[in-house]
$ cat target-v8.txt   # compact mmCIF, C-alpha atoms and all ligand atoms
# COMPACT_ATOMS: atom_id res chain seq x y z
CA MET A 1 9.14 15.36 -20.88
CA SER A 2 7.89 18.83 -21.78
CA GLU A 3 5.69 20.48 -19.18
CA ASP A 4 3.62 21.99 -22.00
CA PHE A 5 0.51 19.87 -22.33
CA GLY A 6 -1.13 22.18 -24.84
CA PHE A 7 -3.59 24.27 -22.85
CA ALA A 8 -2.24 27.53 -24.30
CA ARG A 9 -2.36 26.06 -27.80
CA ALA A 10 -5.96 24.94 -27.27
CA ALA A 11 -6.89 28.45 -26.09
CA GLU A 12 -5.20 30.02 -29.16
CA ARG A 13 -7.16 27.70 -31.41
CA GLY A 14 -10.42 28.35 -29.56
CA ILE A 15 -10.76 24.68 -28.68
CA THR A 16 -12.95 23.66 -25.76
CA LEU A 17 -11.91 20.33 -24.35
CA GLY A 18 -14.41 17.50 -24.31
CA GLN A 19 -14.91 14.33 -22.33
CA ILE A 20 -12.50 11.40 -22.54
CA GLY A 21 -15.24 8.97 -23.57
CA HIS A 22 -18.83 8.81 -24.72
CA ARG A 23 -20.58 7.66 -21.56
CA ILE A 24 -19.78 6.56 -18.03
CA VAL A 25 -20.58 2.88 -17.62
CA GLU A 26 -19.69 2.52 -13.95
CA GLU A 27 -18.13 4.67 -11.27
CA ASN A 28 -17.04 4.24 -7.66
CA ASP A 29 -14.53 5.93 -5.35
CA LEU A 30 -11.59 4.17 -6.98
CA THR A 31 -12.42 3.94 -10.66
CA ARG A 32 -14.51 5.44 -13.42
CA VAL A 33 -15.27 3.28 -16.45
CA TRP A 34 -16.04 4.98 -19.76
CA GLU A 35 -17.30 3.61 -23.00
CA VAL A 36 -15.56 4.87 -26.14
CA ARG A 37 -17.49 4.11 -29.33
CA LEU A 38 -16.33 5.36 -32.73
CA GLU A 39 -17.82 4.46 -36.07
CA PRO A 40 -15.35 4.21 -38.97
CA GLY A 41 -14.03 7.70 -39.68
CA GLU A 42 -15.55 9.13 -36.48
CA GLU A 43 -13.49 11.20 -34.06
CA LEU A 44 -13.44 11.76 -30.28
CA GLY A 45 -12.53 15.43 -29.93
CA PHE A 46 -9.67 17.08 -28.06
CA HIS A 47 -9.48 16.13 -24.40
CA ILE A 48 -6.95 15.58 -21.64
CA HIS A 49 -6.71 12.89 -18.97
CA TYR A 50 -6.66 13.65 -15.25
CA HIS A 51 -5.99 10.12 -14.02
CA PRO A 52 -3.88 7.13 -15.07
CA TYR A 53 -6.05 4.83 -17.16
CA CYS A 54 -6.36 1.50 -18.88
CA VAL A 55 -8.11 0.94 -22.21
CA ILE A 56 -9.48 -2.48 -23.16
CA SER A 57 -10.75 -2.84 -26.69
CA LEU A 58 -14.04 -4.64 -27.25
CA GLY A 59 -13.47 -4.49 -30.99
CA GLY A 60 -11.82 -2.28 -33.53
CA GLY A 61 -8.75 -1.79 -35.66
CA ALA A 62 -6.53 1.07 -36.66
CA ASN A 63 -6.97 4.29 -34.68
CA ARG A 64 -5.04 7.53 -34.82
CA ILE A 65 -4.21 9.78 -31.90
CA GLU A 66 -3.41 13.37 -32.82
CA THR A 67 -2.02 15.73 -30.21
CA ILE A 68 -2.85 19.43 -30.07
CA PHE A 69 0.69 20.01 -31.42
CA GLY A 70 -0.11 17.95 -34.54
CA GLU A 71 1.87 14.88 -33.61
CA GLU A 72 0.19 11.72 -34.88
CA ILE A 73 0.39 8.34 -33.17
CA ALA A 74 -0.94 5.29 -35.00
CA THR A 75 -2.47 2.52 -32.88
CA ASP A 76 -4.02 -0.81 -33.67
CA GLU A 77 -6.69 -1.83 -31.18
CA PRO A 78 -8.42 -5.08 -32.10
CA LEU A 79 -10.66 -6.95 -29.65
CA GLY A 80 -8.83 -7.58 -26.38
CA HIS A 81 -6.08 -5.03 -27.00
CA THR A 82 -5.16 -3.57 -23.63
CA VAL A 83 -3.03 -0.55 -22.84
CA PHE A 84 -2.18 1.17 -19.56
CA ILE A 85 -1.22 4.83 -19.59
CA ASP A 86 0.54 6.05 -16.45
CA GLN A 87 2.13 9.21 -17.87
CA LYS A 88 0.50 12.52 -18.68
CA ARG A 89 0.00 13.13 -22.38
CA PRO A 90 -0.68 16.44 -24.12
CA ILE A 91 -4.22 17.32 -25.17
CA HIS A 92 -5.17 14.93 -27.97
CA LYS A 93 -8.00 13.53 -30.02
CA LEU A 94 -8.73 10.04 -31.29
CA LYS A 95 -9.98 8.96 -34.70
CA ASN A 96 -11.14 5.56 -35.89
CA VAL A 97 -9.29 5.18 -39.21
CA SER A 98 -10.37 1.58 -39.75
CA ASP A 99 -13.47 0.34 -41.56
CA THR A 100 -14.86 -1.31 -38.45
CA LEU A 101 -16.56 -0.07 -35.27
CA TYR A 102 -14.18 0.75 -32.43
CA LEU A 103 -15.62 0.02 -28.99
CA SER A 104 -13.67 0.07 -25.75
CA ARG A 105 -13.78 0.46 -22.01
CA LEU A 106 -11.50 3.13 -20.61
CA ILE A 107 -10.92 2.72 -16.86
CA GLU A 108 -9.65 5.72 -14.92
CA PHE A 109 -7.82 5.10 -11.63
CA LYS A 110 -8.96 7.94 -9.44
CA ALA A 111 -6.50 7.45 -6.57
CA GLN A 112 -4.00 9.52 -8.52
CA ARG A 113 -5.00 12.87 -10.02
CA TRP A 114 -2.79 14.65 -12.50
CA SER A 115 -2.73 18.43 -12.47
CA TYR A 116 -1.47 20.77 -15.17
CA VAL A 117 0.08 24.14 -14.42
CA ASP A 118 -1.73 26.13 -17.10
CA ASP A 119 -5.03 24.24 -16.92
CA PRO A 120 -7.77 26.92 -16.93
CA SER A 121 -9.97 24.60 -14.85
CA ASN A 122 -7.52 24.89 -11.92
CA ALA A 123 -9.16 26.63 -8.98
CA ARG A 124 -7.68 30.11 -8.68
CA PRO A 125 -8.31 32.97 -6.28
CA GLN A 126 -10.80 35.49 -7.61
CA ALA A 127 -9.59 38.85 -8.94
CA ASP A 128 -9.96 40.47 -5.50
CA GLY A 129 -7.84 37.73 -3.93
CA SER A 130 -10.75 35.96 -2.26
CA ALA A 131 -11.19 32.20 -2.38
CA PRO A 132 -12.55 30.69 -5.59
CA GLU A 133 -16.21 29.75 -5.78
CA GLY A 134 -16.92 26.37 -4.23
CA TYR A 135 -13.67 26.52 -2.29
CA ALA A 136 -15.27 26.20 1.17
CA ALA A 137 -17.22 23.14 0.05
CA ALA A 138 -14.03 21.53 -1.19
CA PHE A 139 -12.06 22.36 1.96
CA ARG A 140 -10.56 19.10 3.13
CA GLU A 141 -7.45 20.18 4.98
CA ILE A 142 -6.91 19.11 8.57
CA LEU A 143 -4.97 21.18 11.07
CA THR A 144 -4.11 19.68 14.43
CA GLN A 145 -2.28 21.44 17.22
CA THR A 146 -0.45 18.48 18.70
CA ALA A 147 0.19 20.33 21.97
CA ASP A 148 -3.58 20.27 22.57
CA LEU A 149 -3.79 16.47 22.29
CA PRO A 150 -3.27 14.27 25.34
CA TRP A 151 -0.68 11.48 25.28
CA GLU A 152 -2.70 8.26 25.13
CA PRO A 153 -1.05 5.33 26.90
CA LYS A 154 -0.69 2.12 24.90
CA SER A 155 -0.85 -1.34 26.44
CA LEU A 156 2.93 -1.46 26.78
CA ASP A 157 3.99 0.36 29.96
CA GLY A 158 5.85 3.57 29.20
CA LEU A 159 4.68 3.88 25.59
CA SER A 160 2.11 6.49 24.57
CA GLN A 161 0.93 8.16 21.41
CA LYS A 162 -0.92 11.06 19.85
CA MET A 163 -2.68 9.75 16.76
CA LEU A 164 -2.66 12.52 14.13
CA TRP A 165 -4.15 10.83 11.10
CA ARG A 166 -5.44 7.39 10.18
CA ASN A 167 -6.88 5.85 7.06
CA GLU A 168 -9.24 3.18 8.36
CA GLU A 169 -9.45 1.53 4.93
CA THR A 170 -5.73 1.01 4.43
CA GLY A 171 -4.48 1.07 8.04
CA ALA A 172 -1.99 3.82 7.17
CA SER A 173 -1.33 6.26 9.99
CA ILE A 174 0.75 9.16 11.24
CA ALA A 175 1.30 9.52 14.99
CA LEU A 176 3.56 10.99 17.59
CA ILE A 177 5.03 8.15 19.68
CA ARG A 178 6.73 8.53 23.04
CA PHE A 179 8.89 5.92 24.73
CA GLU A 180 9.81 6.66 28.34
CA LYS A 181 13.45 6.14 29.24
CA GLY A 182 14.22 2.43 29.64
CA VAL A 183 11.18 1.29 27.63
CA GLY A 184 11.40 -0.49 24.29
CA ILE A 185 9.80 -3.09 22.07
CA PRO A 186 10.81 -6.37 23.71
CA ASN A 187 10.90 -8.69 20.67
CA ALA A 188 12.32 -8.91 17.18
CA HIS A 189 9.45 -8.32 14.74
CA ALA A 190 8.49 -7.12 11.28
CA HIS A 191 5.76 -4.76 10.13
CA ALA A 192 3.00 -5.30 7.61
CA SER A 193 3.79 -2.04 5.80
CA ASN A 194 6.62 0.43 5.36
CA GLN A 195 7.47 2.24 8.58
CA PHE A 196 9.04 5.70 8.69
CA MET A 197 10.16 7.51 11.81
CA PHE A 198 11.52 10.97 12.36
CA CYS A 199 13.08 11.38 15.80
CA LEU A 200 12.11 14.67 17.45
CA SER A 201 13.95 14.16 20.74
CA GLY A 202 15.70 11.55 22.87
CA ARG A 203 17.80 8.53 22.04
CA TYR A 204 16.40 5.20 20.82
CA ARG A 205 18.37 2.12 19.92
CA TYR A 206 17.80 -1.13 17.99
CA ILE A 207 19.70 -3.49 20.27
CA PRO A 208 20.96 -6.19 17.83
CA THR A 209 22.33 -3.71 15.29
CA GLY A 210 23.12 -0.73 17.51
CA THR A 211 21.18 1.50 15.09
CA THR A 212 20.56 4.62 17.18
CA LEU A 213 18.09 7.41 16.51
CA VAL A 214 18.55 10.87 17.99
CA ALA A 215 16.84 14.20 17.33
CA GLY A 216 16.85 14.76 13.59
CA SER A 217 17.31 11.09 12.62
CA PHE A 218 15.09 9.73 9.87
CA TYR A 219 14.56 5.98 9.91
CA CYS A 220 12.80 3.71 7.44
CA ASN A 221 12.08 0.02 7.94
CA PRO A 222 10.63 -1.51 4.76
CA VAL A 223 7.65 -3.85 4.95
CA GLY A 224 8.63 -7.32 6.18
CA SER A 225 12.11 -6.33 7.40
CA VAL A 226 12.85 -7.70 10.88
CA HIS A 227 14.14 -5.31 13.55
CA GLY A 228 14.26 -5.01 17.33
CA PRO A 229 14.20 -5.50 20.20
CA THR A 230 14.68 -1.83 21.05
CA ILE A 231 15.43 0.38 24.04
CA ALA A 232 14.95 4.09 24.70
CA ASP A 233 18.22 5.18 26.31
CA GLU A 234 16.47 8.50 26.95
CA THR A 235 12.79 9.42 26.76
CA THR A 236 12.22 9.59 23.03
CA VAL A 237 9.55 11.16 20.81
CA PHE A 238 9.05 10.16 17.17
CA LEU A 239 6.82 11.17 14.37
CA GLU A 240 5.93 7.72 13.06
CA ILE A 241 4.32 6.95 9.71
CA TYR A 242 3.04 3.63 8.41
CA ASP A 243 1.80 3.40 4.83
CA GLY A 244 -0.50 0.48 5.73
CA PRO A 245 -1.35 -1.85 8.63
CA HIS A 246 1.26 -1.83 11.40
CA TYR A 247 1.61 -5.56 12.16
CA PRO A 248 0.75 -8.80 10.34
CA VAL A 249 -0.73 -10.17 13.61
CA GLN A 250 -1.20 -8.69 17.06
CA PRO A 251 2.24 -8.69 18.71
CA PRO A 252 2.52 -10.24 22.18
CA TRP A 253 3.66 -7.04 23.91
CA TYR A 254 0.28 -5.34 23.35
CA THR A 255 -2.72 -6.64 25.30
CA ASP A 256 -5.10 -4.25 23.53
CA PRO A 257 -5.57 -5.18 19.84
CA LYS A 258 -6.18 -1.50 19.02
CA ASP A 259 -2.54 -0.78 19.86
CA ALA A 260 -1.41 -3.06 17.07
CA HIS A 261 -3.25 -0.93 14.50
FE FE B 1 -7.35 10.12 -24.63
FE FE B 2 9.00 -2.04 14.80

$ encode --input "target-v8.txt" --output "structure tokens"
Amino acid sequence: MSEDFGFARAAERGITLGQIGHRIVEENDLTRVWEVRLEPGEELGFHIHYHPYCVISLGGGANRIETIFGEEIATDEPLGHTVFIDQKRPIHKLKNVSDTLYLSRLIEFKAQRWSYVDDPSNARPQADGSAPEGYAAAFREILTQTADLPWEPKSLDGLSQKMLWRNEETGASIALIRFEKGVGIPNAHAHASNQFMFCLSGRYRYIPTGTTLVAGSFYCNPVGSVHGPTIADETTVFLEIYDGPHYPVQPPWYTDPKDAH
């Protein structure tokens, strides 16, 4: 797909982009719900979408989408018509070309935000190279010097960690994990999310399969896939990432439930 979403064309034509709907009905951290309401012949002006979205018609008929490049897309959106858009589209407008009121709910999914290279609303450094206005307020980066963090022992002797990042809502986490030589996970088990490990040093082995991780090895165990028991043939350090909760239930080798997180 072309990477030109029409910002330059809009600027040439002196077009200021408008909202993607007429009013916000409901909004929370995850979604924003808009009402779109077009009388017959009425138009919602040029706009672009920054999130994937779903449109559910509460009534209507033929509509016409016209992109900033002049491409026309005919749609028919009677009551109950539902469409999910998960791809960026160029700047476009929408016209009700039926003889009936078009009313819909457009639900934006805010977890994913689309950006556009030539979008003038992108934050840019100021002319003198300093940070854009509002930049400090929007500063959300985290920098951790892992050498400054202590190794925290887990409730399995010889296993310790430095937790680097956790999402308490989803259970996802990124941590440094250290197994002392001779230590391992004693049982076969599966995880409740995808597990990724990058071995920084040492030698670590999945006993039944012989799968062995050394410095530089990247390992992925998909959610639900059984592996282990394991053994560290040498003291081993991993960067370990889970994209959700670590275990379906607290495994027997941890006495502290926090260690199963
Ligand atoms: Fe749109
Ligand atoms: Fe595991």

$ residues_near_ligand --input "target-v8.txt" --ligand "ligand FE 1 (chain B)" --cutoff "7 Å" --atoms "all atoms listed in the file" --output "number ranges by chain"
A: 20, 47-49, 92-94

$ closest_residue --input "target-v8.txt" --among "A:Pro229, A:Pro125, A:Gly182, A:Pro257" --to "ligand FE 2 (chain B)" --atoms "all atoms listed in the file"
A:Pro229

$ atom_distance --input "target-v8.txt" --atom1 "CA of Thr146 (chain A)" --atom2 "CA of Ala175 (chain A)"
9.9 Å

$ closest_residue --input "target-v8.txt" --among "A:Phe196, A:Phe218, A:Tyr50, A:Trp114" --to "ligand FE 2 (chain B)" --atoms "only C-alpha atoms and all ligand atoms"
A:Phe196

$ closest_residue --input "target-v8.txt" --among "A:Pro150, A:Gly216, A:Gly59, A:Gly184" --to "ligand FE 2 (chain B)" --atoms "only C-alpha atoms and all ligand atoms"
A:Gly184

$ closest_atom_pairs --input "target-v8.txt" --of "chain A" --to "ligand FE 2 (chain B)" --cutoff "9 Å" --atoms "only C-alpha atoms and all ligand atoms" --output "Markdown table"
| residue | atom | partner | partner_atom | distance |
| --- | --- | --- | --- | --- |
| A:Ile185 | CA | B:FE2 | FE | 7.4 |
| A:Ala188 | CA | B:FE2 | FE | 8.0 |
| A:His189 | CA | B:FE2 | FE | 6.3 |
| A:Ala190 | CA | B:FE2 | FE | 6.2 |
| A:His191 | CA | B:FE2 | FE | 6.3 |
| A:Gln195 | CA | B:FE2 | FE | 7.7 |
| A:Asn221 | CA | B:FE2 | FE | 7.8 |
| A:Val226 | CA | B:FE2 | FE | 7.9 |
| A:His227 | CA | B:FE2 | FE | 6.2 |
| A:Gly228 | CA | B:FE2 | FE | 6.5 |
| A:Pro229 | CA | B:FE2 | FE | 8.3 |
| A:Thr230 | CA | B:FE2 | FE | 8.4 |
| A:His246 | CA | B:FE2 | FE | 8.5 |
| A:Tyr247 | CA | B:FE2 | FE | 8.6 |

$ closest_residue --input "target-v8.txt" --among "A:Gly202, A:Pro208, A:Gly129, A:Pro222" --to "Phe238 (chain A)" --atoms "all atoms listed in the file"
A:Gly202

$ atom_distance --input "target-v8.txt" --atom1 "CA of Thr75 (chain A)" --atom2 "CA of Ser57 (chain A)"
11.6 Å

$ atom_distance --input "target-v8.txt" --atom1 "CA of His81 (chain A)" --atom2 "CA of Glu3 (chain A)"
29.2 Å

$ residues_around --input "target-v8.txt" --residues "Ala10 (chain A)" --least-positions-apart "2" --cutoff "10 Å" --atoms "all atoms listed in the file" --output "ChimeraX atom specification"
/A:5-8,12-17,46-47,68-69,91

$ closest_residue --input "target-v8.txt" --among "A:Lys110, A:Arg205, A:Arg89, A:Lys162" --to "Thr67 (chain A)" --atoms "only C-alpha atoms"
A:Arg89

$ residues_near_point --input "target-v8.txt" --point "(-1.2, -1.6, 19.1)" --cutoff "9 Å" --atoms "all atoms listed in the file" --output "list in words"
Lys154, Ser155, Leu156, His246, Tyr247, Gln250, Pro251, Trp253, Tyr254, Thr255, Asp256, Pro257, Lys258, Asp259, Ala260 and His261 of chain A

$ build_atoms --input "target-v8.txt" --residues "region 111-134 of chain A" --atoms "N, CA and C atoms" --output "PDB file, in the frame of the given file"
ATOM      1  N   ALA A 111      -7.345   7.214  -7.753  1.00  0.00           N
ATOM      2  CA  ALA A 111      -6.500   7.450  -6.570  1.00  0.00           C
ATOM      3  C   ALA A 111      -5.418   8.487  -6.878  1.00  0.00           C
ATOM      4  N   GLN A 112      -5.010   8.535  -8.139  1.00  0.00           N
ATOM      5  CA  GLN A 112      -4.000   9.520  -8.520  1.00  0.00           C
ATOM      6  C   GLN A 112      -4.641  10.541  -9.452  1.00  0.00           C
ATOM      7  N   ARG A 113      -4.445  11.832  -9.142  1.00  0.00           N
ATOM      8  CA  ARG A 113      -5.000  12.870 -10.020  1.00  0.00           C
ATOM      9  C   ARG A 113      -3.863  13.711 -10.557  1.00  0.00           C
ATOM     10  N   TRP A 114      -3.810  13.831 -11.864  1.00  0.00           N
ATOM     11  CA  TRP A 114      -2.790  14.650 -12.500  1.00  0.00           C
ATOM     12  C   TRP A 114      -3.281  16.095 -12.551  1.00  0.00           C
ATOM     13  N   SER A 115      -2.373  17.022 -12.299  1.00  0.00           N
ATOM     14  CA  SER A 115      -2.730  18.430 -12.470  1.00  0.00           C
ATOM     15  C   SER A 115      -1.793  19.032 -13.507  1.00  0.00           C
ATOM     16  N   TYR A 116      -2.220  20.114 -14.095  1.00  0.00           N
ATOM     17  CA  TYR A 116      -1.470  20.770 -15.170  1.00  0.00           C
ATOM     18  C   TYR A 116      -1.380  22.256 -14.822  1.00  0.00           C
ATOM     19  N   VAL A 117      -0.166  22.777 -14.907  1.00  0.00           N
ATOM     20  CA  VAL A 117       0.080  24.140 -14.420  1.00  0.00           C
ATOM     21  C   VAL A 117      -0.837  25.156 -15.087  1.00  0.00           C
ATOM     22  N   ASP A 118      -0.978  25.074 -16.413  1.00  0.00           N
ATOM     23  CA  ASP A 118      -1.730  26.130 -17.100  1.00  0.00           C
ATOM     24  C   ASP A 118      -3.175  25.720 -17.415  1.00  0.00           C
ATOM     25  N   ASP A 119      -3.661  24.721 -16.701  1.00  0.00           N
ATOM     26  CA  ASP A 119      -5.030  24.240 -16.920  1.00  0.00           C
ATOM     27  C   ASP A 119      -6.015  25.320 -16.452  1.00  0.00           C
ATOM     28  N   PRO A 120      -6.840  25.875 -17.352  1.00  0.00           N
ATOM     29  CA  PRO A 120      -7.770  26.920 -16.930  1.00  0.00           C
ATOM     30  C   PRO A 120      -8.811  26.418 -15.931  1.00  0.00           C
ATOM     31  N   SER A 121      -8.983  25.089 -15.823  1.00  0.00           N
ATOM     32  CA  SER A 121      -9.970  24.600 -14.850  1.00  0.00           C
ATOM     33  C   SER A 121      -9.384  24.508 -13.434  1.00  0.00           C
ATOM     34  N   ASN A 122      -8.088  24.843 -13.274  1.00  0.00           N
ATOM     35  CA  ASN A 122      -7.520  24.890 -11.920  1.00  0.00           C
ATOM     36  C   ASN A 122      -8.250  25.956 -11.106  1.00  0.00           C
ATOM     37  N   ALA A 123      -8.528  25.625  -9.841  1.00  0.00           N
ATOM     38  CA  ALA A 123      -9.160  26.630  -8.980  1.00  0.00           C
ATOM     39  C   ALA A 123      -8.160  27.750  -8.716  1.00  0.00           C
ATOM     40  N   ARG A 124      -8.565  28.972  -8.919  1.00  0.00           N
ATOM     41  CA  ARG A 124      -7.680  30.110  -8.680  1.00  0.00           C
ATOM     42  C   ARG A 124      -8.406  31.122  -7.807  1.00  0.00           C
ATOM     43  N   PRO A 125      -7.644  31.904  -7.029  1.00  0.00           N
ATOM     44  CA  PRO A 125      -8.310  32.970  -6.280  1.00  0.00           C
ATOM     45  C   PRO A 125      -9.027  33.905  -7.247  1.00  0.00           C
ATOM     46  N   GLN A 126     -10.092  34.525  -6.778  1.00  0.00           N
ATOM     47  CA  GLN A 126     -10.800  35.490  -7.610  1.00  0.00           C
ATOM     48  C   GLN A 126      -9.953  36.754  -7.736  1.00  0.00           C
ATOM     49  N   ALA A 127     -10.385  37.658  -8.638  1.00  0.00           N
ATOM     50  CA  ALA A 127      -9.590  38.850  -8.940  1.00  0.00           C
ATOM     51  C   ALA A 127      -9.270  39.658  -7.679  1.00  0.00           C
ATOM     52  N   ASP A 128     -10.197  39.681  -6.724  1.00  0.00           N
ATOM     53  CA  ASP A 128      -9.960  40.470  -5.500  1.00  0.00           C
ATOM     54  C   ASP A 128      -9.174  39.671  -4.461  1.00  0.00           C
ATOM     55  N   GLY A 129      -8.672  38.510  -4.843  1.00  0.00           N
ATOM     56  CA  GLY A 129      -7.840  37.730  -3.930  1.00  0.00           C
ATOM     57  C   GLY A 129      -8.634  36.797  -3.029  1.00  0.00           C
ATOM     58  N   SER A 130      -9.964  36.834  -3.129  1.00  0.00           N
ATOM     59  CA  SER A 130     -10.750  35.960  -2.260  1.00  0.00           C
ATOM     60  C   SER A 130     -10.763  34.529  -2.824  1.00  0.00           C
ATOM     61  N   ALA A 131     -11.221  33.621  -2.001  1.00  0.00           N
ATOM     62  CA  ALA A 131     -11.190  32.200  -2.380  1.00  0.00           C
ATOM     63  C   ALA A 131     -12.091  31.942  -3.584  1.00  0.00           C
ATOM     64  N   PRO A 132     -11.699  30.994  -4.434  1.00  0.00           N
ATOM     65  CA  PRO A 132     -12.550  30.690  -5.590  1.00  0.00           C
ATOM     66  C   PRO A 132     -13.897  30.139  -5.161  1.00  0.00           C
ATOM     67  N   GLU A 133     -14.871  30.272  -6.048  1.00  0.00           N
ATOM     68  CA  GLU A 133     -16.210  29.750  -5.780  1.00  0.00           C
ATOM     69  C   GLU A 133     -16.130  28.252  -5.490  1.00  0.00           C
ATOM     70  N   GLY A 134     -16.893  27.809  -4.533  1.00  0.00           N
ATOM     71  CA  GLY A 134     -16.920  26.370  -4.230  1.00  0.00           C
ATOM     72  C   GLY A 134     -15.755  25.935  -3.363  1.00  0.00           C
TER      73      GLY A 134
END
